[in-house]
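Novice: This is work-v3.txt, which holds compact mmCIF, C-alpha atoms:
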```txt
# COMPACT_ATOMS: atom_id res chain seq x y z
CA MET A 5 0.00 0.00 0.00
CA THR A 6 1.26 3.49 -0.81
CA ILE A 7 0.27 7.00 0.13
CA GLU A 8 -1.88 7.33 -2.98
CA LYS A 9 -4.38 4.97 -1.34
CA ILE A 10 -4.80 7.16 1.73
CA LYS A 11 -7.45 9.82 1.25
CA ILE A 12 -6.03 13.34 0.97
CA ASP A 13 -8.34 16.08 -0.28
CA LYS A 14 -5.74 18.54 -1.55
CA PRO A 15 -2.65 18.31 -3.78
CA VAL A 16 0.37 17.15 -1.80
CA ASN A 17 4.07 17.93 -1.83
CA ALA A 18 5.71 15.18 -3.90
CA ALA A 19 8.88 15.26 -1.77
CA TRP A 20 7.32 14.00 1.44
CA VAL A 21 5.06 11.56 -0.44
CA LYS A 22 8.12 9.89 -1.93
CA LYS A 23 9.74 9.67 1.52
CA TYR A 24 6.55 8.22 2.98
CA ASN A 25 6.33 5.50 0.36
CA SER A 26 9.99 4.59 0.84
CA LYS A 27 9.39 3.96 4.55
CA VAL A 28 6.36 1.67 4.22
CA THR A 29 7.13 -1.88 5.31
CA THR A 30 5.67 -4.76 7.29
CA ALA A 31 5.51 -4.87 11.08
CA GLU A 32 7.87 -7.84 11.06
CA GLU A 33 10.49 -5.95 9.06
CA ALA A 34 10.09 -2.72 11.02
CA VAL A 35 10.72 -4.23 14.45
CA LYS A 36 13.93 -5.87 13.24
CA TYR A 37 15.53 -2.52 14.13
CA VAL A 38 15.11 -3.39 17.83
CA LYS A 39 18.24 -4.84 19.45
CA SER A 40 18.90 -6.58 22.75
CA GLY A 41 19.29 -4.06 25.56
CA ASP A 42 17.21 -1.38 23.82
CA LYS A 43 14.82 0.90 25.68
CA ILE A 44 11.40 1.16 24.01
CA ILE A 45 8.62 3.67 24.70
CA ILE A 46 5.14 2.56 23.57
CA GLN A 47 2.12 4.77 22.95
CA PRO A 48 -0.32 3.72 25.69
CA GLY A 49 -4.04 3.58 26.43
CA CYS A 50 -6.43 2.63 23.65
CA ALA A 51 -3.81 3.84 21.14
CA ALA A 52 -1.37 1.01 21.79
CA PRO A 53 0.11 -0.11 18.40
CA LEU A 54 -0.85 -3.78 18.75
CA GLU A 55 0.43 -4.80 15.34
CA LEU A 56 3.92 -3.60 16.25
CA ILE A 57 3.75 -5.03 19.78
CA ASN A 58 2.81 -8.49 18.52
CA ALA A 59 5.53 -8.43 15.88
CA LEU A 60 8.08 -7.44 18.52
CA VAL A 61 7.06 -10.27 20.83
CA GLU A 62 7.34 -12.74 17.95
CA ARG A 63 11.06 -11.88 17.93
CA LYS A 64 11.50 -12.78 21.60
CA ASP A 65 14.00 -15.60 20.99
CA GLU A 66 16.34 -13.11 19.28
CA LEU A 67 16.10 -10.43 22.00
CA TYR A 68 17.32 -10.11 25.57
CA ASP A 69 16.99 -7.42 28.24
CA VAL A 70 14.74 -5.14 26.20
CA GLU A 71 13.12 -2.53 28.49
CA ILE A 72 9.57 -1.45 27.62
CA TYR A 73 8.17 1.80 29.11
CA HIS A 74 4.59 3.09 29.14
CA ILE A 75 1.64 3.96 31.35
CA LEU A 76 -1.56 1.88 31.28
CA VAL A 77 -2.19 0.05 27.99
CA VAL A 78 -5.66 -1.25 27.09
CA GLY A 79 -5.41 -4.78 25.76
CA ASP A 80 -3.06 -7.70 26.18
CA LEU A 81 0.57 -7.26 27.28
CA PRO A 82 2.25 -10.39 25.91
CA TYR A 83 5.73 -9.25 26.99
CA THR A 84 4.72 -9.49 30.67
CA LYS A 85 3.73 -13.15 30.54
CA PRO A 86 5.64 -15.78 32.55
CA GLY A 87 8.73 -16.89 30.63
CA MET A 88 9.29 -13.48 29.02
CA GLU A 89 11.50 -12.13 31.83
CA LYS A 90 14.88 -12.61 30.16
CA HIS A 91 13.61 -11.12 26.90
CA PHE A 92 11.51 -8.14 27.99
CA LYS A 93 11.21 -6.07 31.16
CA HIS A 94 8.17 -3.81 31.36
CA LYS A 95 8.69 -0.66 33.44
CA ALA A 96 5.31 0.87 34.22
CA PHE A 97 4.64 4.52 35.02
CA PHE A 98 1.04 3.55 35.84
CA ILE A 99 -0.22 0.03 36.41
CA GLY A 100 -3.18 -1.48 34.60
CA ALA A 101 -4.93 -4.70 35.54
CA ASN A 102 -3.04 -6.44 32.72
CA ALA A 103 0.34 -5.64 34.33
CA ARG A 104 -0.56 -5.89 38.03
CA HIS A 105 0.35 -9.53 38.56
CA ALA A 106 3.60 -9.23 36.61
CA ILE A 107 4.68 -6.27 38.75
CA ASN A 108 3.76 -7.81 42.08
CA GLU A 109 5.39 -11.11 41.07
CA GLY A 110 8.61 -9.42 39.95
CA ARG A 111 8.34 -9.95 36.17
CA ALA A 112 7.83 -6.23 35.62
CA GLU A 113 8.68 -3.06 37.54
CA PHE A 114 6.84 0.06 38.70
CA ILE A 115 8.22 3.61 38.54
CA PRO A 116 6.32 5.93 40.92
CA ILE A 117 6.10 9.34 39.29
CA PHE A 118 3.72 12.26 38.75
CA LEU A 119 2.12 12.06 35.31
CA SER A 120 3.35 15.61 34.62
CA GLU A 121 6.94 14.32 34.87
CA VAL A 122 6.74 11.06 32.87
CA THR A 123 7.42 12.72 29.53
CA LEU A 124 10.06 14.95 31.14
CA LEU A 125 12.14 11.82 31.79
CA PHE A 126 12.60 11.57 28.03
CA LYS A 127 12.79 15.30 27.35
CA ARG A 128 15.62 15.69 29.87
CA GLY A 129 17.43 12.52 28.86
CA VAL A 130 16.92 10.69 32.16
CA ILE A 131 15.67 7.84 29.98
CA GLN A 132 17.04 7.70 26.44
CA ALA A 133 14.56 5.84 24.26
CA ASP A 134 16.17 3.83 21.49
CA VAL A 135 12.83 3.12 19.82
CA ALA A 136 9.35 4.66 19.96
CA LEU A 137 6.41 2.51 18.83
CA ILE A 138 3.61 4.90 17.91
CA HIS A 139 0.11 4.74 16.44
CA VAL A 140 -0.97 7.68 14.28
CA SER A 141 -3.47 8.91 11.73
CA PRO A 142 -2.68 9.04 8.01
CA PRO A 143 -0.78 12.20 7.03
CA ASP A 144 -2.60 15.34 5.98
CA GLU A 145 -1.73 17.22 2.78
CA HIS A 146 1.34 18.67 4.47
CA GLY A 147 2.69 15.32 5.70
CA PHE A 148 1.66 15.62 9.35
CA CYS A 149 0.25 12.59 11.19
CA SER A 150 -1.78 13.07 14.37
CA PHE A 151 -1.13 11.02 17.50
CA GLY A 152 -4.91 10.86 17.65
CA ILE A 153 -6.41 9.56 20.88
CA ASP A 154 -3.20 9.66 22.95
CA VAL A 155 -0.97 12.66 22.41
CA GLY A 156 0.07 13.46 25.95
CA ASN A 157 2.14 10.42 26.82
CA ILE A 158 3.98 9.83 23.54
CA LYS A 159 4.66 13.02 21.57
CA THR A 160 7.65 14.21 23.60
CA PRO A 161 9.26 10.75 24.00
CA ALA A 162 8.82 10.09 20.26
CA GLU A 163 10.55 13.37 19.43
CA LYS A 164 13.55 12.26 21.51
CA ALA A 165 13.73 8.63 20.41
CA LYS A 166 16.57 7.46 18.15
CA CYS A 167 14.13 5.54 15.94
CA VAL A 168 10.38 6.00 15.41
CA ILE A 169 8.28 3.11 14.12
CA ALA A 170 4.74 4.19 13.28
CA GLN A 171 1.58 2.17 12.86
CA VAL A 172 -0.41 4.37 10.47
CA ASN A 173 -4.09 3.57 10.82
CA LYS A 174 -6.89 4.87 8.61
CA GLN A 175 -9.21 4.59 11.62
CA MET A 176 -7.12 6.75 13.94
CA PRO A 177 -8.86 10.15 14.34
CA ARG A 178 -7.04 13.40 13.76
CA GLY A 179 -6.86 15.00 17.17
CA LEU A 180 -5.95 18.68 16.99
CA GLY A 181 -3.60 20.83 19.05
CA ASN A 182 0.10 20.16 19.70
CA SER A 183 -0.52 16.66 18.46
CA PHE A 184 1.40 16.03 15.24
CA ILE A 185 4.51 14.34 13.93
CA HIS A 186 5.77 14.82 10.38
CA VAL A 187 6.45 11.92 8.04
CA ASN A 188 10.08 13.09 7.84
CA LYS A 189 10.49 12.28 11.56
CA ILE A 190 9.30 8.68 11.16
CA ASP A 191 11.77 5.93 10.25
CA TYR A 192 9.46 2.99 9.49
CA ILE A 193 5.78 2.99 8.55
CA VAL A 194 3.38 0.06 8.93
CA GLU A 195 -0.02 0.72 7.40
CA VAL A 196 -3.14 -0.81 8.93
CA ASP A 197 -6.88 -0.34 8.72
CA GLN A 198 -8.12 -1.57 12.09
CA PRO A 199 -10.64 -0.51 14.75
CA LEU A 200 -9.03 1.05 17.80
CA GLN A 201 -9.14 -0.49 21.24
CA GLU A 202 -12.17 0.68 23.24
CA LEU A 203 -12.82 1.16 26.94
CA PRO A 204 -16.59 1.48 27.56
CA GLN A 205 -17.78 3.51 30.51
CA VAL A 206 -20.07 0.90 32.03
CA ASP A 207 -18.50 -1.28 34.74
CA PRO A 208 -19.90 -4.79 34.12
CA ASP A 209 -19.19 -5.78 37.74
CA ALA A 210 -21.05 -2.88 39.34
CA THR A 211 -24.08 -4.00 41.33
CA PRO A 212 -27.26 -1.90 41.56
CA GLU A 213 -26.25 -1.04 45.13
CA MET A 214 -22.83 0.20 43.99
CA LEU A 215 -24.36 2.21 41.16
CA ASP A 216 -26.65 3.88 43.70
CA ILE A 217 -23.62 4.73 45.87
CA PHE A 218 -21.76 6.19 42.90
CA ASP A 219 -24.83 8.23 42.01
CA LYS A 220 -24.99 9.71 45.52
CA ILE A 221 -21.27 10.53 45.40
CA GLY A 222 -21.74 12.17 42.01
CA LYS A 223 -24.60 14.29 43.34
CA ASN A 224 -22.52 15.39 46.35
CA VAL A 225 -19.54 16.31 44.17
CA ALA A 226 -21.78 18.18 41.73
CA SER A 227 -23.09 20.33 44.59
CA LEU A 228 -19.57 21.77 44.94
CA ILE A 229 -19.29 22.77 41.28
CA GLU A 230 -20.25 26.34 40.43
CA ASP A 231 -21.20 27.77 37.05
CA GLY A 232 -18.10 28.85 35.16
CA SER A 233 -15.89 26.16 36.72
CA THR A 234 -13.21 24.29 34.77
CA LEU A 235 -13.22 20.54 35.38
CA GLN A 236 -10.71 17.75 35.57
CA MET A 237 -12.24 14.30 35.63
CA GLY A 238 -11.13 10.83 34.66
CA ILE A 239 -12.88 7.65 33.63
CA GLY A 240 -14.98 5.43 35.85
CA ALA A 241 -18.21 5.26 37.79
CA ILE A 242 -17.64 8.35 39.96
CA PRO A 243 -16.68 10.77 37.14
CA ASP A 244 -19.59 9.43 35.08
CA ALA A 245 -21.96 10.02 37.99
CA VAL A 246 -20.67 13.57 38.44
CA LEU A 247 -21.23 14.33 34.76
CA ARG A 248 -24.86 13.17 35.04
CA TYR A 249 -25.47 16.02 37.48
CA MET A 250 -23.86 18.69 35.30
CA HIS A 251 -26.73 19.23 32.88
CA ASP A 252 -28.17 22.17 34.82
CA LYS A 253 -24.79 23.95 35.09
CA ASN A 254 -23.64 26.81 32.86
CA ASP A 255 -20.44 27.80 31.07
CA LEU A 256 -18.26 24.94 32.26
CA GLY A 257 -14.78 24.38 30.91
CA VAL A 258 -12.53 21.32 30.79
CA HIS A 259 -8.78 21.05 31.43
CA THR A 260 -8.06 17.41 32.18
CA GLU A 261 -5.39 14.78 31.64
CA MET A 262 -8.01 12.60 29.93
CA PHE A 263 -11.75 12.21 29.33
CA SER A 264 -14.27 9.68 28.06
CA ASP A 265 -17.60 9.50 26.24
CA GLY A 266 -19.57 11.20 29.02
CA LEU A 267 -18.30 14.61 27.97
CA ILE A 268 -19.94 14.54 24.53
CA ASP A 269 -23.51 15.29 25.61
CA LEU A 270 -22.42 18.22 27.81
CA ILE A 271 -20.57 19.79 24.87
CA GLU A 272 -23.51 19.23 22.53
CA GLU A 273 -25.90 20.81 25.05
CA GLY A 274 -23.65 23.84 25.47
CA VAL A 275 -23.09 23.14 29.17
CA VAL A 276 -19.38 22.76 28.44
CA ASN A 277 -18.43 25.72 26.25
CA GLY A 278 -15.23 26.99 27.87
CA GLU A 279 -16.38 30.60 27.64
CA LYS A 280 -15.39 31.40 31.23
CA LYS A 281 -12.04 29.61 31.10
CA THR A 282 -9.06 31.80 31.90
CA LEU A 283 -6.57 29.52 30.09
CA HIS A 284 -7.35 28.34 26.54
CA PRO A 285 -10.91 29.76 26.59
CA GLY A 286 -13.34 27.84 24.42
CA LYS A 287 -11.12 24.75 24.27
CA VAL A 288 -11.30 21.36 25.92
CA VAL A 289 -7.65 20.79 26.85
CA ALA A 290 -6.47 17.21 27.41
CA GLY A 291 -3.65 14.77 26.84
CA PHE A 292 -5.55 11.65 25.81
CA VAL A 293 -8.92 9.91 25.73
CA LEU A 294 -10.13 6.48 26.82
CA GLY A 295 -13.50 5.56 25.39
CA THR A 296 -15.40 4.12 22.45
CA LYS A 297 -15.61 4.67 18.71
CA LYS A 298 -18.34 7.24 19.32
CA LEU A 299 -15.81 9.40 21.16
CA TYR A 300 -13.03 8.79 18.63
CA ASP A 301 -15.32 9.89 15.78
CA TYR A 302 -16.35 12.96 17.78
CA ILE A 303 -12.83 14.27 18.37
CA ASP A 304 -11.79 13.74 14.74
CA ASN A 305 -10.85 17.17 13.32
CA ASN A 306 -13.04 18.78 16.00
CA PRO A 307 -11.65 22.25 16.84
CA VAL A 308 -13.26 22.19 20.31
CA PHE A 309 -10.49 19.83 21.42
CA GLU A 310 -6.87 20.78 21.92
CA PHE A 311 -4.46 17.99 22.83
CA HIS A 312 -1.03 18.64 24.34
CA PRO A 313 1.88 16.68 25.82
CA GLN A 314 1.31 15.64 29.42
CA GLU A 315 4.12 17.82 30.78
CA TYR A 316 1.97 20.77 29.66
CA VAL A 317 -1.54 19.53 30.47
CA ASN A 318 -0.59 18.30 33.94
CA ASP A 319 1.69 21.16 34.97
CA PRO A 320 0.21 22.35 38.29
CA PHE A 321 1.26 25.93 37.57
CA LEU A 322 -0.67 25.91 34.29
CA ILE A 323 -3.66 24.12 35.83
CA ALA A 324 -3.83 26.84 38.49
CA GLN A 325 -4.26 29.50 35.79
CA ASN A 326 -7.82 28.23 35.31
CA ASN A 327 -10.04 30.11 37.75
CA LYS A 328 -12.54 27.90 39.62
CA MET A 329 -10.52 24.80 38.74
CA VAL A 330 -12.25 21.69 40.10
CA ALA A 331 -10.13 18.53 40.33
CA ILE A 332 -12.03 15.27 40.97
CA ASN A 333 -9.91 12.27 41.95
CA SER A 334 -10.43 9.03 43.82
CA ALA A 335 -8.59 6.89 46.36
CA ILE A 336 -8.19 3.38 47.70
CA GLU A 337 -8.30 4.55 51.30
CA ILE A 338 -7.87 7.70 53.39
CA ASP A 339 -6.86 7.89 57.04
CA LEU A 340 -8.38 10.09 59.72
CA THR A 341 -5.66 12.72 59.30
CA GLY A 342 -6.35 13.07 55.56
CA GLN A 343 -3.53 10.99 54.07
CA VAL A 344 -4.67 9.54 50.73
CA CYS A 345 -3.49 6.19 49.39
CA ALA A 346 -4.33 5.80 45.71
CA ASP A 347 -1.65 3.55 44.23
CA SER A 348 -1.34 0.45 46.41
CA ILE A 349 -3.12 -1.94 48.73
CA GLY A 350 -0.58 -2.19 51.49
CA THR A 351 2.67 -3.23 49.82
CA LYS A 352 0.91 -4.55 46.71
CA PHE A 353 1.11 -2.01 43.91
CA PHE A 354 -2.26 -1.44 42.27
CA SER A 355 -2.19 1.57 39.91
CA GLY A 356 0.07 4.62 40.21
CA ILE A 357 0.32 8.25 41.18
CA GLY A 358 -1.02 9.37 37.82
CA GLY A 359 -2.20 12.96 37.62
CA GLN A 360 -3.89 13.14 41.03
CA VAL A 361 -1.30 15.30 42.76
CA ASP A 362 -0.76 17.47 39.67
CA PHE A 363 -4.43 18.44 39.62
CA ILE A 364 -5.02 18.53 43.38
CA ARG A 365 -2.17 21.02 43.72
CA GLY A 366 -3.20 22.96 40.62
CA ALA A 367 -6.81 23.27 41.80
CA SER A 368 -5.74 24.29 45.30
CA ARG A 369 -3.81 27.23 43.84
CA SER A 370 -6.56 28.24 41.44
CA GLU A 371 -8.65 31.31 42.23
CA GLY A 372 -11.84 29.73 43.58
CA GLY A 373 -10.50 26.24 42.92
CA LYS A 374 -11.69 23.05 44.62
CA PRO A 375 -9.52 19.94 44.92
CA ILE A 376 -11.77 16.93 45.61
CA ILE A 377 -11.09 13.33 46.64
CA ALA A 378 -14.24 11.25 46.04
CA LEU A 379 -14.63 7.62 47.09
CA PRO A 380 -17.21 5.13 48.37
CA SER A 381 -17.27 4.91 52.15
CA ALA A 382 -16.65 1.15 52.13
CA THR A 383 -15.68 -1.77 49.91
CA LYS A 384 -18.36 -3.47 47.78
CA ASP A 385 -18.87 -6.27 50.30
CA LEU A 386 -18.94 -3.81 53.23
CA LYS A 387 -16.13 -5.74 54.92
CA TYR A 388 -13.78 -2.79 55.07
CA SER A 389 -14.11 0.94 55.53
CA LYS A 390 -12.29 3.15 53.04
CA ILE A 391 -11.94 5.79 55.72
CA VAL A 392 -9.47 4.11 58.05
CA PRO A 393 -7.76 4.83 61.38
CA ILE A 394 -4.34 4.39 59.78
CA LEU A 395 -3.26 3.37 56.29
CA LYS A 396 -2.30 -0.26 55.74
CA PRO A 397 1.38 -1.05 56.43
CA GLY A 398 3.33 -0.27 53.27
CA ALA A 399 0.55 1.79 51.69
CA GLY A 400 1.74 4.70 49.59
CA VAL A 401 0.73 8.25 50.45
CA VAL A 402 -0.08 9.73 47.04
CA THR A 403 -1.76 12.91 48.25
CA THR A 404 -0.50 14.22 51.58
CA ARG A 405 -2.67 15.44 54.43
CA GLY A 406 -1.40 18.93 53.63
CA ASP A 407 -2.78 18.77 50.08
CA VAL A 408 -6.25 17.46 50.87
CA HIS A 409 -9.19 19.87 50.89
CA TYR A 410 -12.54 18.22 50.09
CA VAL A 411 -13.32 14.55 50.72
CA VAL A 412 -16.64 13.22 49.41
CA THR A 413 -18.47 9.93 50.00
CA GLU A 414 -22.10 8.92 49.52
CA TYR A 415 -22.69 10.19 53.08
CA GLY A 416 -21.59 13.76 52.50
CA ILE A 417 -18.73 16.22 52.17
CA ALA A 418 -15.83 16.88 54.56
CA ASN A 419 -13.77 20.04 54.04
CA LEU A 420 -10.38 19.43 55.71
CA PHE A 421 -8.65 22.62 54.58
CA GLY A 422 -7.31 24.53 57.56
CA LYS A 423 -8.69 21.96 60.00
CA SER A 424 -6.83 20.41 62.93
CA ILE A 425 -6.28 16.67 63.22
CA GLN A 426 -9.17 16.46 65.68
CA GLU A 427 -11.49 18.43 63.38
CA ARG A 428 -10.44 16.29 60.40
CA ALA A 429 -11.12 13.08 62.26
CA ARG A 430 -14.61 14.23 63.27
CA ALA A 431 -15.43 15.40 59.73
CA LEU A 432 -14.25 12.16 58.12
CA ILE A 433 -16.08 9.99 60.65
CA ASN A 434 -19.28 11.87 59.78
CA ILE A 435 -19.01 10.77 56.12
CA ALA A 436 -17.77 7.24 56.85
CA HIS A 437 -20.09 4.25 56.50
CA PRO A 438 -22.27 3.99 59.63
CA ALA A 439 -21.09 0.42 60.24
CA PHE A 440 -17.58 1.69 60.94
CA ARG A 441 -18.19 4.99 62.73
CA ASP A 442 -18.01 3.59 66.26
CA GLU A 443 -14.69 1.87 65.55
CA LEU A 444 -13.26 5.03 63.98
CA THR A 445 -14.53 7.18 66.84
CA GLU A 446 -12.97 4.91 69.46
CA PHE A 447 -9.60 5.07 67.69
CA ALA A 448 -9.81 8.85 67.30
CA LYS A 449 -10.63 9.32 70.97
CA LYS A 450 -7.66 7.22 72.11
CA THR A 451 -5.21 8.56 69.57
CA TYR A 452 -6.21 12.15 68.83
CA HIS A 453 -8.27 12.95 71.95
CA ILE A 454 -11.31 14.12 70.06
```
Would you kindly transcribe this structure into structure tokens?

Specialist:
Amino acid sequence: MTIEKIKIDKPVNAAWVKKYNSKVTTAEEAVKYVKSGDKIIIQPGCAAPLELINALVERKDELYDVEIYHILVVGDLPYTKPGMEKHFKHKAFFIGANARHAINEGRAEFIPIFLSEVTLLFKRGVIQADVALIHVSPPDEHGFCSFGIDVGNIKTPAEKAKCVIAQVNKQMPRGLGNSFIHVNKIDYIVEVDQPLQELPQVDPDATPEMLDIFDKIGKNVASLIEDGSTLQMGIGAIPDAVLRYMHDKNDLGVHTEMFSDGLIDLIEEGVVNGEKKTLHPGKVVAGFVLGTKKLYDYIDNNPVFEFHPQEYVNDPFLIAQNNKMVAINSAIEIDLTGQVCADSIGTKFFSGIGGQVDFIRGASRSEGGKPIIALPSATKDLKYSKIVPILKPGAGVVTTRGDVHYVVTEYGIANLFGKSIQERARALINIAHPAFRDELTEFAKKTYHI
């Protein structure tokens, strides 16, 4: 297949077309560039270049000690399977369910880091990528390919990599903003025409009782959001529930590391218009999306969206330039002093720091900003409280007690900003599950003399 078969509406510069055609090859041929000991950065999320990944793993018997870096990837991770250890070592900046066992069993490794600093590792040469495996749209008439649905975590590393191998997919949307790479910067091109990975919003394991809890949390969070606010939200039941209560709001903006399908209706209704934003007014600013084909089609060439590298989107100093910045994040557990664990269950690593601290700190410094931690009061089976006397031994403190302002459960809102340890404990006990309040109160009386 050559460039002539990719739809371009305007006459093109023959020079770059010739270069493009000379770089087209198969996935098997392209990944032959990879050598033992190389460091590889892979475009993550739903944009993972699966054709290239599978071709690379097919070469396992020829490769040793290849290090593979990325945040969460949707789909299979064949290089983390048992028996792959001497060939590939995955080093995760954020842990997905598909890498969790490998990391906790020692077949892969976890790098704790703020999402705002992941791409800076490559920009500053802390990690020198030998190869970048990317997944992009076909080039436009000027030879620029878009990183599409994940710009934030790959554009900067790809610009610094010694070799760039691109999976060029007719079905990758053209996300706008600081989101492009020119054909001249790509070394090998593998053309595909494949549907992208999808991550639907609905949690198939959520019970009606859990959905009701999430709905109550969403309603409580929504009560904190004023007209004219700029939002950061992620994917999952709580952000979805919050968005359901946004339809009567006005002039909302969005500056977020990522978003999903739930944002579409609010944009179409005019609820999200960005008119009151103080940074990039009128634009939805993000680094990547996780969602379905409906969302991918919606962002294609849509000037409402402006995608940027994550070191820009997640910079707390830039986030703070949005007045009324509301950051909505979740947690695994929170202790009575306000320490938030969001990346591990005790010593077992579960996810990562991600962008939580970036946005909590950015929102706290925003004029009228509100940093929010939202979580159910207890586990699904009601065996354990998520508001705890002390964090589990080995649990990571992602957001410190000094950073926490609002904590929200289905039982209400606790504002910890400027509060003493005793006042924090009382406020958090009030929004804990009733089944655990006596236990928490007894601990707080003995320990903090409430």

Novice: With distances taken over only C-alpha atoms, which residue among A:Glu414, A:Asp69, A:Glu62, A:Asp154 lies nearest Glu89 in chain A?

Specialist: A:Asp69

Novice: Name the residues, using the chain letters and numbers of the file, that sit within 12 Å of (-13.0, 3.3, 64.0) when counting all atoms listed in the file, and give them as a count of residues only.

Specialist: 30

Novice: Would you pick out the contacts of range 74-78 of chain A at 6 Å or less, using only C-alpha atoms, so that residues sharing its chain but fewer than 6 positions from it are not included, and give the list as a short mmCIF file (atom, residue, chain, number, x, y, z; two decimals) with C-alpha atoms, in the frame of the given file?

Specialist:
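This is the output file selection05.cif:
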```cif
data_model
loop_
_atom_site.label_atom_id
_atom_site.label_comp_id
_atom_site.auth_asym_id
_atom_site.auth_seq_id
_atom_site.Cartn_x
_atom_site.Cartn_y
_atom_site.Cartn_z
CA ILE A 46 5.14 2.56 23.57
CA PRO A 48 -0.32 3.72 25.69
CA GLY A 49 -4.04 3.58 26.43
CA CYS A 50 -6.43 2.63 23.65
CA ALA A 96 5.31 0.87 34.22
CA PHE A 97 4.64 4.52 35.02
CA PHE A 98 1.04 3.55 35.84
CA ILE A 99 -0.22 0.03 36.41
CA GLY A 100 -3.18 -1.48 34.60
#
```

Novice: Report the distance between CA of Lys164 in chain A and CA of Ala133 in chain A in Å, rounded to one decimal place.

Specialist: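 Answer for the CA of Lys164 in chain A to CA of Ala133 in chain A separation: 7.1 Å.
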
Novice: Name the residues within 9 Å of (-5.8, 0.6, 41.9), counting only C-alpha atoms in the file's coordinates, and put them as a list in words.

Specialist: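 Residues lying no farther than 9 Å from the given point: Ile99, Gly100, Ala101, Ala335, Ile336, Ala346, Asp347, Ser348, Ile349, Phe353, Phe354, Ser355 and Gly356 of chain A.
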
Novice: Take the residues that were just selected and, keeping C-alpha atoms, output them as a PDB file, keeping the file's coordinate frame.

Specialist:
```pdb
ATOM      1  CA  ILE A  99      -0.220   0.030  36.410  1.00  0.00           C
ATOM      2  CA  GLY A 100      -3.180  -1.480  34.600  1.00  0.00           C
ATOM      3  CA  ALA A 101      -4.930  -4.700  35.540  1.00  0.00           C
ATOM      4  CA  ALA A 335      -8.590   6.890  46.360  1.00  0.00           C
ATOM      5  CA  ILE A 336      -8.190   3.380  47.700  1.00  0.00           C
ATOM      6  CA  ALA A 346      -4.330   5.800  45.710  1.00  0.00           C
ATOM      7  CA  ASP A 347      -1.650   3.550  44.230  1.00  0.00           C
ATOM      8  CA  SER A 348      -1.340   0.450  46.410  1.00  0.00           C
ATOM      9  CA  ILE A 349      -3.120  -1.940  48.730  1.00  0.00           C
ATOM     10  CA  PHE A 353       1.110  -2.010  43.910  1.00  0.00           C
ATOM     11  CA  PHE A 354      -2.260  -1.440  42.270  1.00  0.00           C
ATOM     12  CA  SER A 355      -2.190   1.570  39.910  1.00  0.00           C
ATOM     13  CA  GLY A 356       0.070   4.620  40.210  1.00  0.00           C
TER      14      GLY A 356
END
```

Novice: Give me, as a list in words, all polymer residues having an atom no more than 9 Å from Thr296 in chain A, counting only C-alpha atoms and skipping those fewer than 5 positions away in the same chain.

Specialist: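 That gives Leu200, Gln201, Glu202, Leu203, Pro204, Gln205, Ser264, Asp265 and Asp301 of chain A.
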